[in-house]
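Below you'll find the structure, written out as structure tokens, and then a few comments.
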There are 2 protein chains.
Amino acid sequence: MDEELYTLIEFLKIPSISATGEGIENAANFLKDTIERTLGVKAYVDKTKGHPVVFSEINVNAKKTLLVYNHYDVQPVDPISEWKYPPFSATIDNGKIYARGASDNKGTLIARLFAIKHLLDKKELNVNIKLLYEGEEEIGSINLEDYIEKNENKLKADSVIMEGAGLDVKGRPQIILGVKGLLYVELILDYGTRDLHSSNAPIVRNPCIDLMRIITSLVDHEGRVLIEGFYDDVRPLNEEEKELIRKYDLDVEQLKTALGFKELKYNDKEKIVEALLTYSTCNVDGFECGYTGKGSKTIVPHKAFAKLDFRLVPNQDPYKIYELLKRHLEKNGFKGEIITHGFEYPVRTSVNSPVVKAAIEAARKIYNTEPQVIPNSPGTQPMGLFVHKLGIRDAVSAIGVGGYHSNAHAPNENINIEDFYKAIRHTEEFLKIYASLNQ
Amino acid sequence: MDEELYTLIEFLKIPSISATGEGIENAANFLKDTIERTLGVKAYVDKTKGHPVVFSEINVNAKKTLLVYNHYDVQPVDPISEWKYPPFSATIDNGKIYARGASDNKGTLIARLFAIKHLLDKKELNVNIKLLYEGEEEIGSINLEDYIEKNENKLKADSVIMEGAGLDVKGRPQIILGVKGLLYVELILDYGTRDLHSSNAPIVRNPCIDLMRIITSLVDHEGRVLIEGFYDDVRPLNEEEKELIRKYDLDVEQLKTALGFKELKYNDKEKIVEALLTYSTCNVDGFECGYTGKGSKTIVPHKAFAKLDFRLVPNQDPYKIYELLKRHLEKNGFKGEIITHGFEYPVRTSVNSPVVKAAIEAARKIYNTEPQVIPNSPGTQPMGLFVHKLGIRDAVSAIGVGGYHSNAHAPNENINIEDFYKAIRHTEEFLKIYASLNQ
């Protein structure tokens with residue numbers, strides 16, 4: 001096994017679940033050691049109020065500086081029973097590696113790192129690199145803003161390349177010019193000190209039903225959010241963005257198969273793309289109350305809680321949306337607790353920026369196909385912080401190892417080993433072209 | 001420790017959770033051995049399609065036969081972390097025994113058994129006894145109907161005494177002339193094979209939100225059930241029953257403290273009694289979907305499920321209500337699975353029946369107070385089967401060891417040891433008076 005694959009597998013074997021904190025420190029230290037050993041530069045495990053950031057700098061005295069953003073944390077692994085192989089075994093089966101984080105985004109992180117090493121070894125690295133590996137992306141990058149504020153000068157760069165891109169259903173590399181924003185909240189209703197025998201149902205309120213009524217007041221049957229003012233700041237698409245959406249190639253049947261849901265809300269390709277990329281959503285990530293074991297138990301639960309995410313589009317402001325949500329909850333009689341788990345700004349950057357052009361050209365060369373250029377991801381990343389806080393104009397998500405088969409955030413996450421090697425070459429080519437373009 | 005208390009504690013140490021099946025067989029065999037050793041008669045562990053019934057007969061050639069119904073199964077113990085002592089340790093603390101099932105209803109079962117033994121020993125048992133101990137009461141007595149149908153002759157009796165009564169907040173014994181009925185269902189919505197990254201929220205339906213919308217369509221904010229025809233068969237209270245409800249003594253503040261909920265739906269005593277005893281309900285016992293762990297996880301869950309119980313009053317028929325529910329679900333677009341966990345008929349018997357008179361008179365003598373006579377329990381028991389299937393006219397719930405402090409179905413279930421001994425004497429007196437009355 002070569003050094004690249006060996007390093008990836010060792011990295012995948014470290015659990016680094018930001019939601020629980022499991023293995024986070026080990027993963028950060030592993031990266032520091034790997035950078036120092038591989039690139040021959042000093043790396044730092046920088047403390048934050050939460051999980052640490054791993055930072056390093058490769059200064060080749062070039063004119064331009066590129067910030068490379070990845071995260072070393074992963075999603076929780078449950079439901080564990082649905083995994084074919086233990087999620088941190090990094091089992092190789094039929095050309096694939098199965099592991100939590102393989103696709104999102106440890107594979108990409110390691111691929112980029114070795115591309116930089118290869119260019120360094122060949123003395124062909126003509127752009128200064130800053131590496132920023134976060135440990136809280138999967139819990140909404142809750143301390144990244146603070147870290148960026150405190151390290152503004154250290155992090156200054158001309159462009160930033162984010163993770164979050166990968167290969168589409170046809171294996172074409174995606175070049176993504178933006179992200180959706182996010183507001184993640186948890187709502188808790190607790191009416192008592194213990195669950196009651198359900199013969200008391202006539203005389204007490206049931207927090208499950210009350211919380212369900214609150215949640216169904218937030219969004220209608222079609223998915224339209226009912227919070228007053230929610231859509232006020234949505235910016236209409238410009239012609240360039242509309243064109244990218246029209247050109248977006250998607251095989252609906254293939255997508256359906258990959259998702260494994262019996263039905264999609266829409267059958268029309270253009271409608272699906274439009275929804276995925278440009279619709280804001282209110283989604284229930286989880287809900288629990290009362291007895292959820294086998295068989296039956298007759299109780300009035302004293303407590304219910306829900307986890308909700310709102311995906312936002314430019315120019316919805318997550319902090320403003322949170323205020324609107326609170327007002328809605330109050331107006332609808334919600335008397336529980338609200339915990340926030342994340343705020344992220346939506347972003348859409350221009351297709352004509354050098355970092356985007358370099359990613360497109362490199363993709364054409366390595367994958368021998370036209371890449372899929374997307375005005376923004378249907379998902380979320382802290383791209384808004386780099387654009388808003390650091391004033392980096394050009395931000396792009398490009399170069400990733402995952403595909404639609406990759407089960408990001410779900411059981412049996414996996415990548416093709418071949419795609420890992422392609423991502424290394426794609427990064428090398430990208431860095432060379434980017435170095436040659438005027439900023 | 002005397003034989004009575006020792007036997008109870010040994011019984012409480014056996015987990016017998018009907019929802020999971022844990023310890024059921026041990027508990028049934030323990031009862032068979034205990035009956036045979038204590039009463040000197042043969043006892044039988046009768047197979048059913050589910051958990052076995054323990055049956056025995058004490059024939060003293062009396063004119064009348066009394067069927068004694070209890071159950072040896074208990075509710076699940078979760079949330080386990082809220083128990084002061086392990087739920088099957090039967091820990092004695094300050095005159096109380098803490099154990100799952102102490103109040104509901106192992107204490108009562110053992111008390112009655114020793115009362116019969118005492119009368120047998122003194123040759124003062126003048127009524128034939130049939131003991132029927134069920135193992136599925138806490139999961140809706142799902143196989144009792146079948147057992148009763150198959151053993152109709154063996155079970156014939158003049159009256160039946162059920163469990164389910166206890167001591168009220170003032171320590172007065174309750175004599176309960178009926179029960180509410182029950183329909184328990186589980187609704188499952190499963191849209192896919194795995195949870196999806198929530199960036200897919202714009203293009204798939206979320207089963208959590210859909211199931212919440214279905215559930216909130218079943219019942220309004222005030223608790224009134226919205227299923228068409230649900231209230232059609234409700235029989236208005238007669239004057240005798242209205243009088244019992246007016247006379248029902250209840251300390252609202254004491255009840256509130258005992259329940260531990262911040263608020264009750266009503267403040268007025270008569271309204272609370274009326275609601276508890278005569279309102280039908282639709283209650284959510286449990287609901288689960290998606291990620292319910294610590295922190296956040298951004299997914300569209302593929303599956304959601306809810307456990308619901310409907311408490312019914314005379315003459316609502318649980319099978320008919322089930323049909324109405326199915327029609328409602330279909331009309332409201334529910335495309336999931338329905339599992340039934342129990343059907344029970346509501347009952348209200350006459351205050352003038354001998355078995356009721358005997359229970360009242362015995363209670364006055366032992367507790368030196370006026371018992372609380374209640375037209376029906378706010379809870380549920382399979383009393384309807386004995387009345388409907390076996391044609392037993394007189395059915396009563398009386399003589400129990402639990403009080404309002406007892407936390408039935410909740411953590412820290414407990415009884416006063418003193419109440420256990422009083423229940424033995426109450427049963428003895430009851431049997432003597434009942435034997436002396438004309439049926």
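Within each chain, counting starts at residue 1; across the structure tokens, chains are named A, B, ... in the order shown, with ligands numbered 1 upward in that order.
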Give me the residues of chain A that have any atom at most 6 Å from an atom of chain B; for each, the nearest atom pair and the distance in Å, rounded to one decimal. Use only C-alpha atoms, sort by chain and number, and format it as JSON lines.
```
{"residue": "A:Ala19", "atom": "CA", "partner": "B:Gly295", "partner_atom": "CA", "distance": 5.0}
{"residue": "A:Ile139", "atom": "CA", "partner": "B:Ser296", "partner_atom": "CA", "distance": 5.7}
{"residue": "A:Tyr191", "atom": "CA", "partner": "B:Phe261", "partner_atom": "CA", "distance": 5.6}
{"residue": "A:Gly192", "atom": "CA", "partner": "B:Phe261", "partner_atom": "CA", "distance": 3.9}
{"residue": "A:Thr193", "atom": "CA", "partner": "B:Gly260", "partner_atom": "CA", "distance": 5.4}
{"residue": "A:His197", "atom": "CA", "partner": "B:His409", "partner_atom": "CA", "distance": 5.8}
{"residue": "A:Ser199", "atom": "CA", "partner": "B:Gly379", "partner_atom": "CA", "distance": 4.8}
{"residue": "A:Pro202", "atom": "CA", "partner": "B:Ala275", "partner_atom": "CA", "distance": 5.5}
{"residue": "A:Ile203", "atom": "CA", "partner": "B:Lys265", "partner_atom": "CA", "distance": 5.1}
{"residue": "A:Val204", "atom": "CA", "partner": "B:Leu264", "partner_atom": "CA", "distance": 4.9}
{"residue": "A:Met212", "atom": "CA", "partner": "B:Met212", "partner_atom": "CA", "distance": 5.5}
{"residue": "A:Gly260", "atom": "CA", "partner": "B:Gly192", "partner_atom": "CA", "distance": 5.3}
{"residue": "A:Phe261", "atom": "CA", "partner": "B:Gly192", "partner_atom": "CA", "distance": 3.8}
{"residue": "A:Lys262", "atom": "CA", "partner": "B:Gly192", "partner_atom": "CA", "distance": 5.7}
{"residue": "A:Leu264", "atom": "CA", "partner": "B:Val204", "partner_atom": "CA", "distance": 4.9}
{"residue": "A:Lys265", "atom": "CA", "partner": "B:Ile203", "partner_atom": "CA", "distance": 5.1}
{"residue": "A:Ala275", "atom": "CA", "partner": "B:Pro202", "partner_atom": "CA", "distance": 5.5}
{"residue": "A:Leu276", "atom": "CA", "partner": "B:Pro202", "partner_atom": "CA", "distance": 5.6}
{"residue": "A:Asp285", "atom": "CA", "partner": "B:Ile299", "partner_atom": "CA", "distance": 5.2}
{"residue": "A:Gly286", "atom": "CA", "partner": "B:Gly290", "partner_atom": "CA", "distance": 4.1}
{"residue": "A:Phe287", "atom": "CA", "partner": "B:Cys289", "partner_atom": "CA", "distance": 5.4}
{"residue": "A:Glu288", "atom": "CA", "partner": "B:Glu288", "partner_atom": "CA", "distance": 4.6}
{"residue": "A:Cys289", "atom": "CA", "partner": "B:Gly286", "partner_atom": "CA", "distance": 5.2}
{"residue": "A:Gly290", "atom": "CA", "partner": "B:Gly286", "partner_atom": "CA", "distance": 4.1}
{"residue": "A:Tyr291", "atom": "CA", "partner": "B:Gly286", "partner_atom": "CA", "distance": 4.5}
{"residue": "A:Thr292", "atom": "CA", "partner": "B:Gly286", "partner_atom": "CA", "distance": 5.5}
{"residue": "A:Gly295", "atom": "CA", "partner": "B:Ala19", "partner_atom": "CA", "distance": 5.0}
{"residue": "A:Ser296", "atom": "CA", "partner": "B:Ile139", "partner_atom": "CA", "distance": 5.7}
{"residue": "A:Thr298", "atom": "CA", "partner": "B:Asp285", "partner_atom": "CA", "distance": 5.8}
{"residue": "A:Ile299", "atom": "CA", "partner": "B:Asp285", "partner_atom": "CA", "distance": 5.1}
{"residue": "A:Val300", "atom": "CA", "partner": "B:Asp285", "partner_atom": "CA", "distance": 5.8}
{"residue": "A:Pro378", "atom": "CA", "partner": "B:Ser199", "partner_atom": "CA", "distance": 5.1}
{"residue": "A:Gly379", "atom": "CA", "partner": "B:Ser199", "partner_atom": "CA", "distance": 4.7}
{"residue": "A:His409", "atom": "CA", "partner": "B:His197", "partner_atom": "CA", "distance": 5.7}
{"residue": "A:Ala410", "atom": "CA", "partner": "B:Asp195", "partner_atom": "CA", "distance": 6.0}
```
DSSP says strand (DSSP E or B) for which residues of segment 73-198 of chain A? Put them as a VMD selection string?
chain A and resid 74 91 to 93 96 to 98 128 to 134 159 to 162 167 173 to 176 178 to 190 192 196 to 197
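Between Ser56 of chain A and the candidates A:Glu25, A:Leu390, A:Leu155, A:Ala115, the tightest atom-to-atom separation, counting only C-alpha atoms, involves A:Leu155.
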Using DSSP on the backbone coordinates, identify all residues within segment 170-365 of chain B classified as helix (DSSP H, G or I); present the result as a PyMOL selection string.
chain B and resi 198-200+207-216+239-247+252-259+269-278+318-331+354-365
So that I can check the surroundings of His71 of chain A, please list as an NGL selection string every protein, DNA and RNA residue that reaches within 10 Å of it, counting only C-alpha atoms and ignoring chain neighbours fewer than 2 positions away.
:A and (28 or 53-54 or 69 or 73-74 or 101 or 104-106 or 108-109 or 132-138 or 141 or 162-163)
Do a neighbour search on Gly403 of chain A at 10 Å with only C-alpha atoms, toss out local chain neighbours closer than 2 positions, and write the hits as a compact mmCIF listing (two decimals) with C-alpha atoms, in the first residue's frame.
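Okay, this is what ended up in result_24.txt:
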```
# COMPACT_ATOMS: atom_id res chain seq x y z
CA SER A 103 -16.41 11.05 1.65
CA ALA A 165 -17.67 19.27 -3.93
CA GLY A 166 -17.41 15.78 -5.30
CA LEU A 167 -18.46 13.75 -8.33
CA ASP A 168 -22.01 13.83 -9.60
CA VAL A 169 -24.12 10.80 -10.58
CA LYS A 170 -22.28 10.61 -13.92
CA GLY A 171 -18.88 10.87 -12.28
CA ARG A 172 -18.28 14.48 -13.40
CA PRO A 173 -16.43 16.73 -10.96
CA GLN A 174 -18.56 19.45 -9.43
CA ALA A 258 -29.05 6.83 -5.02
CA GLY A 400 -13.66 16.03 -3.80
CA VAL A 401 -13.51 12.27 -3.57
CA HIS A 405 -23.10 6.48 -3.83
CA SER A 406 -21.07 7.83 -0.91
CA ASN A 407 -23.83 7.98 1.76
CA ALA A 408 -22.52 11.11 3.43
CA ASN A 414 -17.81 5.08 1.25
CA ILE A 415 -15.56 6.29 -1.57
CA ASN A 416 -13.98 4.71 -4.62
CA ASP A 419 -11.50 8.75 -7.01
```
Out of A:Ala358, A:Ile374, A:Met1, A:Leu183, which residue has the shortest atom-to-atom distance to Glu323 of chain A when counting only C-alpha atoms?
A:Leu183
Neighbour list for segment 316-318 of chain B as a list in words, cut-off 6 Å, only C-alpha atoms, skip fewer than 2 positions in-chain:
Leu183, Asp233, Val234, Leu312, Val313, Pro314, Lys320, Ile321 and Phe343 of chain B
B:Leu67, B:Ile116, B:Leu187, B:Ile58: which is nearest His426 of chain B, counting only C-alpha atoms?
B:Ile116
So which residues touch Thr65 of chain B within 12 Å, counting only C-alpha atoms, skipping near sequence neighbours fewer than 2 positions away, as a count of residues only?
31
Tell me, as number ranges by chain, which residues lie within 7 Å of Lys32 of chain A, counting only C-alpha atoms; anything in the same chain fewer than 6 positions away does not count.
A: 43-45, 54
Save the residues we just selected, N, CA, C and O atoms, as a PDB file, in the first residue's frame?
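The result, written out as part_14.pdb:
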```pdb
ATOM      1  N   ALA A  43       3.201  22.536  11.889  1.00  0.00           N
ATOM      2  CA  ALA A  43       1.730  22.642  11.927  1.00  0.00           C
ATOM      3  C   ALA A  43       1.305  22.895  13.367  1.00  0.00           C
ATOM      4  O   ALA A  43       2.036  22.568  14.309  1.00  0.00           O
ATOM      5  N   TYR A  44       0.149  23.495  13.536  1.00  0.00           N
ATOM      6  CA  TYR A  44      -0.296  23.925  14.865  1.00  0.00           C
ATOM      7  C   TYR A  44      -1.704  23.408  15.170  1.00  0.00           C
ATOM      8  O   TYR A  44      -2.582  23.438  14.307  1.00  0.00           O
ATOM      9  N   VAL A  45      -1.880  22.928  16.407  1.00  0.00           N
ATOM     10  CA  VAL A  45      -3.234  22.588  16.874  1.00  0.00           C
ATOM     11  C   VAL A  45      -3.708  23.784  17.705  1.00  0.00           C
ATOM     12  O   VAL A  45      -3.309  23.951  18.853  1.00  0.00           O
ATOM     13  N   VAL A  54      -6.657  22.900  13.146  1.00  0.00           N
ATOM     14  CA  VAL A  54      -5.279  22.580  12.762  1.00  0.00           C
ATOM     15  C   VAL A  54      -4.882  23.558  11.658  1.00  0.00           C
ATOM     16  O   VAL A  54      -5.592  23.704  10.661  1.00  0.00           O
TER      17      VAL A  54
END
```
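Using only C-alpha atoms, the smallest distance between any of B:Leu177, B:Ala362, B:Leu250, B:Ile417 and Asn376 of chain B comes from B:Leu177.
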I'd like the interatomic distance between atom CA of Ile24 of chain B and atom CA of Gly164 of chain B, to a tenth of an Å.
20.3 Å
